[in-house]
$ cat run.pdb   # PDB, C-alpha atoms and all ligand atoms
ATOM      1  CA  MET Y   1      23.115 -15.266 -17.718
ATOM      2  CA  ILE Y   2      22.500 -11.577 -17.206
ATOM      3  CA  GLU Y   3      24.998  -8.912 -18.265
ATOM      4  CA  ILE Y   4      24.536  -5.301 -17.205
ATOM      5  CA  LYS Y   5      26.953  -2.994 -18.983
ATOM      6  CA  ASN Y   6      27.496   0.660 -18.050
ATOM      7  CA  VAL Y   7      23.858   1.283 -17.272
ATOM      8  CA  SER Y   8      22.635   4.505 -15.676
ATOM      9  CA  LYS Y   9      19.173   5.843 -14.916
ATOM     10  CA  SER Y  10      17.924   9.280 -13.894
ATOM     11  CA  TYR Y  11      14.289   9.900 -13.036
ATOM     12  CA  VAL Y  12      15.098  13.527 -12.274
ATOM     13  CA  LYS Y  13      17.693  15.553 -14.159
ATOM     14  CA  GLY Y  14      21.004  15.695 -12.336
ATOM     15  CA  LYS Y  15      20.248  12.794  -9.949
ATOM     16  CA  LYS Y  16      21.305   9.291 -10.915
ATOM     17  CA  SER Y  17      19.208   6.582  -9.273
ATOM     18  CA  VAL Y  18      21.486   3.978 -10.884
ATOM     19  CA  ASP Y  19      24.991   5.172 -11.662
ATOM     20  CA  ASN Y  20      27.124   3.369 -14.263
ATOM     21  CA  LEU Y  21      26.237  -0.132 -13.127
ATOM     22  CA  ASN Y  22      28.265  -3.106 -14.351
ATOM     23  CA  LEU Y  23      27.271  -6.570 -13.221
ATOM     24  CA  GLU Y  24      27.428 -10.097 -14.581
ATOM     25  CA  ILE Y  25      25.241 -12.861 -13.190
ATOM     26  CA  LYS Y  26      26.466 -16.222 -14.396
ATOM     27  CA  ASP Y  27      24.647 -19.427 -15.238
ATOM     28  CA  GLY Y  28      24.357 -21.709 -12.236
ATOM     29  CA  GLU Y  29      24.450 -18.821  -9.814
ATOM     30  CA  ILE Y  30      22.118 -17.487  -7.131
ATOM     31  CA  PHE Y  31      22.890 -13.785  -6.947
ATOM     32  CA  GLY Y  32      21.522 -11.606  -4.151
ATOM     33  CA  PHE Y  33      21.058  -7.891  -4.731
ATOM     34  CA  LEU Y  34      21.250  -5.967  -1.478
ATOM     35  CA  GLY Y  35      20.988  -2.312  -0.548
ATOM     36  CA  PRO Y  36      19.055   0.116   1.646
ATOM     37  CA  ASN Y  37      15.600   1.464   0.718
ATOM     38  CA  GLY Y  38      15.878   3.705  -2.322
ATOM     39  CA  ALA Y  39      19.330   2.353  -3.292
ATOM     40  CA  GLY Y  40      18.322   1.449  -6.852
ATOM     41  CA  LYS Y  41      17.479  -2.273  -6.722
ATOM     42  CA  THR Y  42      13.975  -2.072  -8.180
ATOM     43  CA  THR Y  43      15.123   0.510 -10.723
ATOM     44  CA  THR Y  44      17.866  -1.894 -11.856
ATOM     45  CA  ILE Y  45      15.423  -4.817 -12.012
ATOM     46  CA  ARG Y  46      12.933  -2.730 -14.002
ATOM     47  CA  MET Y  47      15.662  -1.895 -16.514
ATOM     48  CA  ILE Y  48      16.735  -5.546 -16.820
ATOM     49  CA  THR Y  49      13.145  -6.590 -17.485
ATOM     50  CA  GLY Y  50      12.475  -3.849 -20.035
ATOM     51  CA  ILE Y  51       9.858  -2.010 -17.947
ATOM     52  CA  LEU Y  52      12.059   1.069 -17.647
ATOM     53  CA  ASP Y  53      14.014   2.512 -20.521
ATOM     54  CA  PHE Y  54      17.588   3.715 -20.090
ATOM     55  CA  LEU Y  55      19.793   5.910 -22.225
ATOM     56  CA  GLU Y  56      23.328   4.663 -21.658
ATOM     57  CA  GLY Y  57      24.739   1.135 -21.754
ATOM     58  CA  ASP Y  58      23.063  -2.182 -22.489
ATOM     59  CA  ILE Y  59      21.608  -5.207 -20.698
ATOM     60  CA  LEU Y  60      21.834  -8.709 -22.162
ATOM     61  CA  ILE Y  61      19.852 -11.724 -21.029
ATOM     62  CA  ASP Y  62      21.380 -14.911 -22.413
ATOM     63  CA  GLY Y  63      23.079 -12.665 -24.956
ATOM     64  CA  LYS Y  64      19.869 -10.916 -26.062
ATOM     65  CA  SER Y  65      19.700  -7.162 -25.615
ATOM     66  CA  ILE Y  66      16.596  -5.977 -23.757
ATOM     67  CA  LYS Y  67      16.932  -2.755 -25.761
ATOM     68  CA  LYS Y  68      17.513  -4.096 -29.271
ATOM     69  CA  GLU Y  69      15.628  -7.426 -29.171
ATOM     70  CA  PRO Y  70      13.171  -6.996 -26.293
ATOM     71  CA  LEU Y  71      10.837  -9.860 -27.234
ATOM     72  CA  GLU Y  72      13.663 -12.364 -27.603
ATOM     73  CA  ALA Y  73      15.200 -11.183 -24.335
ATOM     74  CA  LYS Y  74      11.856 -11.377 -22.511
ATOM     75  CA  LYS Y  75      11.419 -15.012 -23.544
ATOM     76  CA  CYS Y  76      14.522 -15.819 -21.497
ATOM     77  CA  PHE Y  77      13.301 -14.801 -18.049
ATOM     78  CA  GLY Y  78      10.500 -14.991 -15.514
ATOM     79  CA  PHE Y  79       9.880 -11.929 -13.364
ATOM     80  CA  VAL Y  80       8.343 -11.393  -9.941
ATOM     81  CA  PRO Y  81       7.790  -7.665  -9.320
ATOM     82  CA  ASP Y  82       8.006  -6.028  -5.901
ATOM     83  CA  ASN Y  83       4.233  -5.530  -5.762
ATOM     84  CA  PRO Y  84       1.879  -8.452  -6.482
ATOM     85  CA  ASP Y  85      -1.285  -6.314  -6.676
ATOM     86  CA  MET Y  86      -2.119  -6.773 -10.334
ATOM     87  CA  PHE Y  87      -4.910  -8.201 -12.491
ATOM     88  CA  LEU Y  88      -6.991  -8.356  -9.307
ATOM     89  CA  LYS Y  89     -10.280  -8.737 -11.178
ATOM     90  CA  LEU Y  90      -9.072 -12.030 -12.670
ATOM     91  CA  LYS Y  91      -9.538 -15.358 -10.985
ATOM     92  CA  GLY Y  92      -6.286 -17.102 -10.136
ATOM     93  CA  ILE Y  93      -6.825 -19.675 -12.873
ATOM     94  CA  GLU Y  94      -7.563 -16.924 -15.427
ATOM     95  CA  TYR Y  95      -4.337 -15.144 -14.531
ATOM     96  CA  LEU Y  96      -2.253 -18.314 -14.870
ATOM     97  CA  THR Y  97      -3.971 -19.216 -18.159
ATOM     98  CA  PHE Y  98      -3.201 -15.696 -19.390
ATOM     99  CA  MET Y  99       0.481 -16.145 -18.439
ATOM    100  CA  ALA Y 100       0.496 -19.572 -20.146
ATOM    101  CA  ASP Y 101      -0.949 -17.957 -23.303
ATOM    102  CA  ILE Y 102       1.660 -15.194 -23.329
ATOM    103  CA  TYR Y 103       4.477 -17.707 -23.031
ATOM    104  CA  ASP Y 104       2.938 -20.157 -25.529
ATOM    105  CA  ILE Y 105       2.903 -23.055 -23.096
ATOM    106  CA  PRO Y 106       1.288 -26.072 -24.810
ATOM    107  CA  ASN Y 107      -2.121 -27.097 -23.422
ATOM    108  CA  ASN Y 108      -1.006 -30.488 -22.156
ATOM    109  CA  LEU Y 109       1.891 -28.972 -20.201
ATOM    110  CA  ARG Y 110       0.130 -25.972 -18.691
ATOM    111  CA  LYS Y 111      -2.482 -27.932 -16.735
ATOM    112  CA  GLU Y 112       0.162 -30.151 -15.187
ATOM    113  CA  ARG Y 113       2.453 -27.219 -14.333
ATOM    114  CA  ILE Y 114      -0.329 -25.056 -12.891
ATOM    115  CA  GLU Y 115      -1.410 -27.936 -10.686
ATOM    116  CA  LYS Y 116       2.111 -28.731  -9.543
ATOM    117  CA  LEU Y 117       3.103 -25.132  -8.754
ATOM    118  CA  THR Y 118      -0.134 -24.045  -7.088
ATOM    119  CA  LYS Y 119      -0.296 -27.213  -4.989
ATOM    120  CA  LYS Y 120       3.292 -26.624  -3.906
ATOM    121  CA  PHE Y 121       2.368 -23.107  -2.745
ATOM    122  CA  ALA Y 122      -0.979 -24.259  -1.313
ATOM    123  CA  ILE Y 123      -3.191 -21.996  -3.463
ATOM    124  CA  TYR Y 124      -4.629 -24.690  -5.744
ATOM    125  CA  ASP Y 125      -7.989 -24.583  -3.933
ATOM    126  CA  ASP Y 126      -8.217 -20.790  -4.392
ATOM    127  CA  LEU Y 127      -7.751 -20.728  -8.170
ATOM    128  CA  ASN Y 128     -11.444 -20.165  -8.879
ATOM    129  CA  ASN Y 129     -11.602 -17.052  -6.708
ATOM    130  CA  GLN Y 130     -10.873 -13.520  -7.885
ATOM    131  CA  MET Y 131      -7.379 -12.392  -6.952
ATOM    132  CA  GLN Y 132      -8.758  -9.338  -5.133
ATOM    133  CA  SER Y 133     -10.048 -11.755  -2.483
ATOM    134  CA  TYR Y 134      -6.506 -13.091  -1.903
ATOM    135  CA  SER Y 135      -4.316 -12.087   1.028
ATOM    136  CA  HIS Y 136      -0.999 -10.343   0.303
ATOM    137  CA  GLY Y 137       0.915 -13.616   0.647
ATOM    138  CA  MET Y 138      -1.512 -15.463  -1.642
ATOM    139  CA  ARG Y 139      -1.084 -12.746  -4.305
ATOM    140  CA  GLN Y 140       2.676 -13.046  -3.940
ATOM    141  CA  LYS Y 141       2.403 -16.812  -4.428
ATOM    142  CA  ILE Y 142       0.244 -16.647  -7.547
ATOM    143  CA  VAL Y 143       2.585 -14.091  -9.121
ATOM    144  CA  ILE Y 144       5.502 -16.451  -8.387
ATOM    145  CA  CYS Y 145       3.555 -19.348  -9.963
ATOM    146  CA  GLY Y 146       2.833 -17.174 -13.024
ATOM    147  CA  ALA Y 147       6.499 -16.211 -13.383
ATOM    148  CA  LEU Y 148       7.744 -19.795 -13.126
ATOM    149  CA  LEU Y 149       5.058 -21.363 -15.288
ATOM    150  CA  ALA Y 150       7.047 -21.149 -18.515
ATOM    151  CA  ASP Y 151      10.070 -22.701 -16.781
ATOM    152  CA  PRO Y 152      12.273 -19.706 -17.697
ATOM    153  CA  LYS Y 153      16.036 -20.076 -17.559
ATOM    154  CA  ASN Y 154      16.612 -16.799 -15.740
ATOM    155  CA  TRP Y 155      14.623 -15.950 -12.627
ATOM    156  CA  ILE Y 156      14.478 -12.241 -11.779
ATOM    157  CA  LEU Y 157      12.765 -11.704  -8.433
ATOM    158  CA  ASP Y 158      12.254  -8.412  -6.588
ATOM    159  CA  GLU Y 159      11.993  -9.226  -2.869
ATOM    160  CA  PRO Y 160      10.244 -12.536  -3.594
ATOM    161  CA  MET Y 161      10.062 -13.749   0.008
ATOM    162  CA  THR Y 162       8.074 -10.727   1.240
ATOM    163  CA  GLY Y 163       4.792 -11.856   2.762
ATOM    164  CA  LEU Y 164       5.382 -15.576   2.260
ATOM    165  CA  ASP Y 165       4.708 -17.894   5.183
ATOM    166  CA  PRO Y 166       7.692 -19.921   6.471
ATOM    167  CA  LYS Y 167       6.818 -23.086   4.530
ATOM    168  CA  SER Y 168       6.424 -21.236   1.214
ATOM    169  CA  ALA Y 169       9.579 -19.199   1.797
ATOM    170  CA  PHE Y 170      11.447 -22.448   2.506
ATOM    171  CA  ASP Y 171      10.030 -24.095  -0.635
ATOM    172  CA  LEU Y 172      10.925 -21.098  -2.798
ATOM    173  CA  LYS Y 173      14.499 -21.117  -1.475
ATOM    174  CA  GLU Y 174      14.766 -24.843  -2.219
ATOM    175  CA  MET Y 175      13.429 -24.211  -5.740
ATOM    176  CA  MET Y 176      16.016 -21.463  -6.223
ATOM    177  CA  LYS Y 177      18.779 -23.880  -5.201
ATOM    178  CA  GLU Y 178      17.521 -26.578  -7.586
ATOM    179  CA  HIS Y 179      17.280 -24.045 -10.400
ATOM    180  CA  ALA Y 180      20.877 -22.902  -9.929
ATOM    181  CA  LYS Y 181      22.049 -26.503  -9.583
ATOM    182  CA  ALA Y 182      20.638 -27.141 -13.071
ATOM    183  CA  ASN Y 183      23.047 -24.428 -14.305
ATOM    184  CA  LYS Y 184      20.328 -21.789 -14.566
ATOM    185  CA  THR Y 185      20.270 -18.299 -13.094
ATOM    186  CA  VAL Y 186      18.573 -16.675 -10.098
ATOM    187  CA  PHE Y 187      18.843 -12.925  -9.539
ATOM    188  CA  PHE Y 188      16.881 -11.580  -6.593
ATOM    189  CA  SER Y 189      16.773  -8.571  -4.320
ATOM    190  CA  THR Y 190      16.274  -8.924  -0.596
ATOM    191  CA  HIS Y 191      16.556  -7.108   2.717
ATOM    192  CA  VAL Y 192      16.901 -10.355   4.618
ATOM    193  CA  LEU Y 193      20.624 -10.704   5.150
ATOM    194  CA  GLU Y 194      20.371 -14.200   6.639
ATOM    195  CA  VAL Y 195      18.712 -15.375   3.424
ATOM    196  CA  ALA Y 196      21.465 -13.771   1.368
ATOM    197  CA  GLU Y 197      24.160 -15.322   3.522
ATOM    198  CA  LYS Y 198      22.720 -18.833   3.405
ATOM    199  CA  LEU Y 199      21.468 -18.899  -0.161
ATOM    200  CA  CYS Y 200      23.620 -16.757  -2.429
ATOM    201  CA  ASP Y 201      26.704 -17.784  -4.342
ATOM    202  CA  ARG Y 202      27.504 -14.076  -4.688
ATOM    203  CA  VAL Y 203      25.942 -10.820  -3.599
ATOM    204  CA  GLY Y 204      26.031  -7.277  -4.917
ATOM    205  CA  ILE Y 205      25.506  -4.306  -2.609
ATOM    206  CA  ILE Y 206      24.146  -1.114  -4.129
ATOM    207  CA  ASN Y 207      24.017   2.194  -2.282
ATOM    208  CA  LYS Y 208      22.706   5.469  -3.703
ATOM    209  CA  GLY Y 209      22.774   4.001  -7.200
ATOM    210  CA  LYS Y 210      26.397   2.840  -7.013
ATOM    211  CA  LEU Y 211      27.576  -0.734  -6.696
ATOM    212  CA  VAL Y 212      29.773  -0.750  -3.605
ATOM    213  CA  PHE Y 213      30.570  -4.475  -3.439
ATOM    214  CA  VAL Y 214      30.299  -7.627  -5.607
ATOM    215  CA  GLY Y 215      31.508 -11.036  -4.491
ATOM    216  CA  THR Y 216      30.927 -13.925  -2.113
ATOM    217  CA  ILE Y 217      30.031 -13.374   1.525
ATOM    218  CA  ALA Y 218      33.413 -14.865   2.411
ATOM    219  CA  GLU Y 219      35.127 -12.280   0.186
ATOM    220  CA  LEU Y 220      33.045  -9.526   1.762
ATOM    221  CA  LYS Y 221      34.148 -10.587   5.217
ATOM    222  CA  LYS Y 222      37.756 -10.928   4.122
ATOM    223  CA  LYS Y 223      37.770  -7.504   2.484
ATOM    224  CA  PHE Y 224      36.297  -5.747   5.480
ATOM    225  CA  LYS Y 225      36.261  -7.454   8.859
ATOM    226  CA  GLU Y 226      36.505 -11.183   9.043
ATOM    227  CA  GLU Y 227      34.901 -11.478  12.445
ATOM    228  CA  ALA Y 228      31.964  -9.145  11.778
ATOM    229  CA  SER Y 229      28.426 -10.277  11.042
ATOM    230  CA  LEU Y 230      26.966  -9.638   7.617
ATOM    231  CA  GLU Y 231      24.533  -7.211   9.217
ATOM    232  CA  LYS Y 232      27.337  -5.151  10.731
ATOM    233  CA  LEU Y 233      29.308  -5.139   7.461
ATOM    234  CA  PHE Y 234      26.222  -4.152   5.474
ATOM    235  CA  LEU Y 235      25.498  -1.237   7.807
ATOM    236  CA  GLU Y 236      29.099  -0.053   7.710
ATOM    237  CA  ILE Y 237      29.415  -0.240   3.935
ATOM    238  CA  THR Y 238      26.126   1.486   3.198
ATOM    239  CA  GLU Y 239      26.573   4.194   5.830
ATOM    240  CA  LYS Y 240      30.148   4.938   4.808
ATOM    241  CA  GLU Y 241      28.964   6.500   1.543
ATOM    242  CA  ASP Y 242      27.030   9.273   3.326
TER
HETATM  243  N1  LIG O 301       9.032   6.512 -10.529
HETATM  244  C1  LIG O 301       9.988   7.208  -9.914
HETATM  245  N2  LIG O 301      10.092   8.566 -10.077
HETATM  246  C2  LIG O 301      11.068   9.269  -9.455
HETATM  247  N3  LIG O 301      12.009   8.711  -8.675
HETATM  248  C3  LIG O 301      11.952   7.388  -8.492
HETATM  249  C4  LIG O 301      10.946   6.570  -9.089
HETATM  250  N4  LIG O 301      11.151   5.285  -8.714
HETATM  251  C5  LIG O 301      12.218   5.301  -7.928
HETATM  252  N5  LIG O 301      12.704   6.555  -7.777
HETATM  253  C6  LIG O 301      13.902   6.940  -7.003
HETATM  254  O1  LIG O 301      14.999   6.143  -7.418
HETATM  255  C7  LIG O 301      15.781   5.733  -6.299
HETATM  256  C8  LIG O 301      15.892   4.217  -6.287
HETATM  257  O2  LIG O 301      14.600   3.634  -6.039
HETATM  258  P1  LIG O 301      14.350   2.064  -6.109
HETATM  259  O3  LIG O 301      12.890   1.849  -6.098
HETATM  260  O4  LIG O 301      15.129   1.524  -7.240
HETATM  261  O5  LIG O 301      15.012   1.586  -4.740
HETATM  262  P2  LIG O 301      15.093   0.132  -4.070
HETATM  263  O6  LIG O 301      16.547  -0.162  -3.873
HETATM  264  O7  LIG O 301      14.295  -0.838  -4.836
HETATM  265  O8  LIG O 301      14.431   0.410  -2.636
HETATM  266  P3  LIG O 301      13.512  -0.531  -1.704
HETATM  267  O9  LIG O 301      14.475  -1.357  -0.903
HETATM  268  O10 LIG O 301      12.785   0.457  -0.829
HETATM  269  O11 LIG O 301      12.600  -1.332  -2.563
HETATM  270  C9  LIG O 301      15.119   6.361  -5.072
HETATM  271  O12 LIG O 301      15.821   7.545  -4.772
HETATM  272  C10 LIG O 301      13.723   6.665  -5.519
HETATM  273  O13 LIG O 301      13.229   7.799  -4.869
HETATM  274 MG    MG O 302      12.618  -1.977  -4.408
END
$ encode --input "run.pdb" --output "structure tokens"
Amino acid sequence: MIEIKNVSKSYVKGKKSVDNLNLEIKDGEIFGFLGPNGAGKTTTIRMITGILDFLEGDILIDGKSIKKEPLEAKKCFGFVPDNPDMFLKLKGIEYLTFMADIYDIPNNLRKERIEKLTKKFAIYDDLNNQMQSYSHGMRQKIVICGALLADPKNWILDEPMTGLDPKSAFDLKEMMKEHAKANKTVFFSTHVLEVAEKLCDRVGIINKGKLVFVGTIAELKKKFKEEASLEKLFLEITEKED
């Protein structure tokens, strides 16, 4: 469960990139975070994960404040950032071992989990190569494997499907469904409205730092135009604010 309470963020004085955001993502829920480029999705995700500080409000992950008890809060989630270009000098296996060390995964479990995850995403045979030799999609996959290795209860994913081939994107979506079915939480941002429509229990739409809608796709259609496509509704809602 993720609770965002009255959170704002300004990079530049006088301009709020996230403006008094309130959002609750429940256990057992797949929540899609939508919004145009520059709307504030990554900024919000960076605040949830403790990468970016914020002055007002608080964010709780399974009841733990990312501000007041950051280590405890960080134990509760796995995070896939929007850019997988990191630790490129490490071999895939070194990166995953590093993640397993950080999360204190027992030796007997880590080998089994690394094998299972990397075979699922078809990068098992590449683990002994440096990550700088990986393609964009392969980097995305290893970062996903690293984030899920500790079997965290809350998944926080910033555009996780970007660059994945169709099979891996399908597998990840199935994994998200299974995770939510086990009463755990998935919070992810995406630009792919079809994915949001098919996968999400609820969506939030952010525009210019302000949350302009939270609810199910059915509620969104009911509130605006029942016959319209999600794409049309999205464009109308996010253009209206101009
Ligand atoms: N490091 C930064 N310094 C200054 N401004 C920033 C910084 N990062 C983001 N911003 C600004 O904050 C706003 C929100 O950016 P953010 O990256 O959160 O958008 P986003 O919704 O993730 O967009 P995208 O869909 O393109 O990933 C934008 O106006 C952006 O210019
Ligand atoms: Mg972003």
$ residues_near_ligand --input "run.pdb" --ligand "ligand MG 302 (chain O)" --cutoff "8 Å" --atoms "all atoms listed in the file" --output "count of residues only"
10
$ resolve_selection --input "run.pdb" --expression "the PyMOL selection byres (((not hetatm)) within 10 of (chain O and resi 301))" --output "PDB file with C-alpha atoms, keeping the file's coordinate frame"
ATOM      1  CA  LYS Y   9      19.173   5.843 -14.916  1.00  0.00           C
ATOM      2  CA  SER Y  10      17.924   9.280 -13.894  1.00  0.00           C
ATOM      3  CA  TYR Y  11      14.289   9.900 -13.036  1.00  0.00           C
ATOM      4  CA  VAL Y  12      15.098  13.527 -12.274  1.00  0.00           C
ATOM      5  CA  LYS Y  15      20.248  12.794  -9.949  1.00  0.00           C
ATOM      6  CA  LYS Y  16      21.305   9.291 -10.915  1.00  0.00           C
ATOM      7  CA  SER Y  17      19.208   6.582  -9.273  1.00  0.00           C
ATOM      8  CA  VAL Y  18      21.486   3.978 -10.884  1.00  0.00           C
ATOM      9  CA  PHE Y  33      21.058  -7.891  -4.731  1.00  0.00           C
ATOM     10  CA  LEU Y  34      21.250  -5.967  -1.478  1.00  0.00           C
ATOM     11  CA  GLY Y  35      20.988  -2.312  -0.548  1.00  0.00           C
ATOM     12  CA  PRO Y  36      19.055   0.116   1.646  1.00  0.00           C
ATOM     13  CA  ASN Y  37      15.600   1.464   0.718  1.00  0.00           C
ATOM     14  CA  GLY Y  38      15.878   3.705  -2.322  1.00  0.00           C
ATOM     15  CA  ALA Y  39      19.330   2.353  -3.292  1.00  0.00           C
ATOM     16  CA  GLY Y  40      18.322   1.449  -6.852  1.00  0.00           C
ATOM     17  CA  LYS Y  41      17.479  -2.273  -6.722  1.00  0.00           C
ATOM     18  CA  THR Y  42      13.975  -2.072  -8.180  1.00  0.00           C
ATOM     19  CA  THR Y  43      15.123   0.510 -10.723  1.00  0.00           C
ATOM     20  CA  THR Y  44      17.866  -1.894 -11.856  1.00  0.00           C
ATOM     21  CA  ILE Y  45      15.423  -4.817 -12.012  1.00  0.00           C
ATOM     22  CA  ARG Y  46      12.933  -2.730 -14.002  1.00  0.00           C
ATOM     23  CA  MET Y  47      15.662  -1.895 -16.514  1.00  0.00           C
ATOM     24  CA  LEU Y  52      12.059   1.069 -17.647  1.00  0.00           C
ATOM     25  CA  ASP Y  82       8.006  -6.028  -5.901  1.00  0.00           C
ATOM     26  CA  ASN Y  83       4.233  -5.530  -5.762  1.00  0.00           C
ATOM     27  CA  ASP Y 158      12.254  -8.412  -6.588  1.00  0.00           C
ATOM     28  CA  GLU Y 159      11.993  -9.226  -2.869  1.00  0.00           C
ATOM     29  CA  SER Y 189      16.773  -8.571  -4.320  1.00  0.00           C
ATOM     30  CA  THR Y 190      16.274  -8.924  -0.596  1.00  0.00           C
ATOM     31  CA  HIS Y 191      16.556  -7.108   2.717  1.00  0.00           C
ATOM     32  CA  ILE Y 205      25.506  -4.306  -2.609  1.00  0.00           C
ATOM     33  CA  ILE Y 206      24.146  -1.114  -4.129  1.00  0.00           C
ATOM     34  CA  ASN Y 207      24.017   2.194  -2.282  1.00  0.00           C
ATOM     35  CA  LYS Y 208      22.706   5.469  -3.703  1.00  0.00           C
ATOM     36  CA  GLY Y 209      22.774   4.001  -7.200  1.00  0.00           C
TER      37      GLY Y 209
END
$ resolve_selection --input "run.pdb" --expression "the PyMOL selection byres (((chain Y and resi 237) around 12) and not hetatm)" --output "PyMOL selection string"
chain Y and resi 34-36+204-208+210-213+220-221+223-225+230-236+238-242
$ residues_around --input "run.pdb" --residues "range 138-145 of chain Y" --least-positions-apart "2" --cutoff "8 Å" --atoms "only C-alpha atoms" --output "mmCIF file with C-alpha atoms, keeping the file's coordinate frame"
data_model
loop_
_atom_site.group_PDB
_atom_site.id
_atom_site.type_symbol
_atom_site.label_atom_id
_atom_site.label_comp_id
_atom_site.auth_asym_id
_atom_site.auth_seq_id
_atom_site.Cartn_x
_atom_site.Cartn_y
_atom_site.Cartn_z
ATOM 1 C CA VAL Y 80 8.343 -11.393 -9.941
ATOM 2 C CA ASN Y 83 4.233 -5.530 -5.762
ATOM 3 C CA PRO Y 84 1.879 -8.452 -6.482
ATOM 4 C CA ASP Y 85 -1.285 -6.314 -6.676
ATOM 5 C CA GLY Y 92 -6.286 -17.102 -10.136
ATOM 6 C CA LEU Y 96 -2.253 -18.314 -14.870
ATOM 7 C CA ILE Y 114 -0.329 -25.056 -12.891
ATOM 8 C CA LEU Y 117 3.103 -25.132 -8.754
ATOM 9 C CA THR Y 118 -0.134 -24.045 -7.088
ATOM 10 C CA PHE Y 121 2.368 -23.107 -2.745
ATOM 11 C CA ILE Y 123 -3.191 -21.996 -3.463
ATOM 12 C CA MET Y 131 -7.379 -12.392 -6.952
ATOM 13 C CA TYR Y 134 -6.506 -13.091 -1.903
ATOM 14 C CA SER Y 135 -4.316 -12.087 1.028
ATOM 15 C CA HIS Y 136 -0.999 -10.343 0.303
ATOM 16 C CA ALA Y 147 6.499 -16.211 -13.383
ATOM 17 C CA LEU Y 148 7.744 -19.795 -13.126
ATOM 18 C CA LEU Y 149 5.058 -21.363 -15.288
ATOM 19 C CA PRO Y 160 10.244 -12.536 -3.594
ATOM 20 C CA THR Y 162 8.074 -10.727 1.240
ATOM 21 C CA GLY Y 163 4.792 -11.856 2.762
ATOM 22 C CA LEU Y 164 5.382 -15.576 2.260
#
$ closest_residue --input "run.pdb" --among "Y:Asp201, Y:Glu94, Y:Glu72, Y:Asp58" --to "Phe187 in chain Y" --atoms "all atoms listed in the file"
Y:Asp201
$ atom_distance --input "run.pdb" --atom1 "CA of Val203 in chain Y" --atom2 "CA of Ile30 in chain Y"
8.5 Å
$ axis_aligned_box --input "run.pdb" --around "range 76-90 of chain Y" --padding-each-side "8 Å" --output "lines of an AutoDock Vina configuration file"
center_x = 2.1
center_y = -10.7
center_z = -13.6
size_x = 40.8
size_y = 26.3
size_z = 31.7
$ atom_distance --input "run.pdb" --atom1 "CA of Asp19 in chain Y" --atom2 "CA of Glu56 in chain Y"
10.1 Å
$ closest_residue --input "run.pdb" --among "Y:Met1, Y:Ile25, Y:Val7, Y:Ile102" --to "Lys75 in chain Y" --atoms "only C-alpha atoms"
Y:Ile102
$ atom_distance --input "run.pdb" --atom1 "CA of Lys74 in chain Y" --atom2 "CA of Glu178 in chain Y"
22.0 Å
$ residues_around --input "run.pdb" --residues "Lys5 in chain Y" --least-positions-apart "6" --cutoff "9 Å" --atoms "only C-alpha atoms" --output "list of chain:residue names"
Y:Asn20, Y:Leu21, Y:Asn22, Y:Leu23, Y:Glu24, Y:Glu56, Y:Gly57, Y:Asp58, Y:Ile59, Y:Leu60
$ resolve_selection --input "run.pdb" --expression "the PyMOL selection byres (((chain Y and resi 153) around 7) and not hetatm)" --output "NGL selection string"
:Y and (76-77 or 151-152 or 154-155 or 184-185)
$ residues_around --input "run.pdb" --residues "Leu71 in chain Y" --least-positions-apart "5" --cutoff "12 Å" --atoms "all atoms listed in the file" --output "MDAnalysis selection string"
chainID Y and resid 49:50 61 64:66 76:77 102:103
$ write_last_selection --input "run.pdb" --atoms "C-alpha atoms" --output "PDB file, keeping the file's coordinate frame"
ATOM      1  CA  THR Y  49      13.145  -6.590 -17.485  1.00  0.00           C
ATOM      2  CA  GLY Y  50      12.475  -3.849 -20.035  1.00  0.00           C
ATOM      3  CA  ILE Y  61      19.852 -11.724 -21.029  1.00  0.00           C
ATOM      4  CA  LYS Y  64      19.869 -10.916 -26.062  1.00  0.00           C
ATOM      5  CA  SER Y  65      19.700  -7.162 -25.615  1.00  0.00           C
ATOM      6  CA  ILE Y  66      16.596  -5.977 -23.757  1.00  0.00           C
ATOM      7  CA  CYS Y  76      14.522 -15.819 -21.497  1.00  0.00           C
ATOM      8  CA  PHE Y  77      13.301 -14.801 -18.049  1.00  0.00           C
ATOM      9  CA  ILE Y 102       1.660 -15.194 -23.329  1.00  0.00           C
ATOM     10  CA  TYR Y 103       4.477 -17.707 -23.031  1.00  0.00           C
TER      11      TYR Y 103
END
$ closest_residue --input "run.pdb" --among "Y:Gly137, Y:Gly63, Y:Pro81, Y:Gly146" --to "Arg113 in chain Y" --atoms "all atoms listed in the file"
Y:Gly146
$ closest_residue --input "run.pdb" --among "Y:Ile93, Y:Ala100, Y:Asn107, Y:Ala122" --to "Asp165 in chain Y" --atoms "all atoms listed in the file"
Y:Ala122
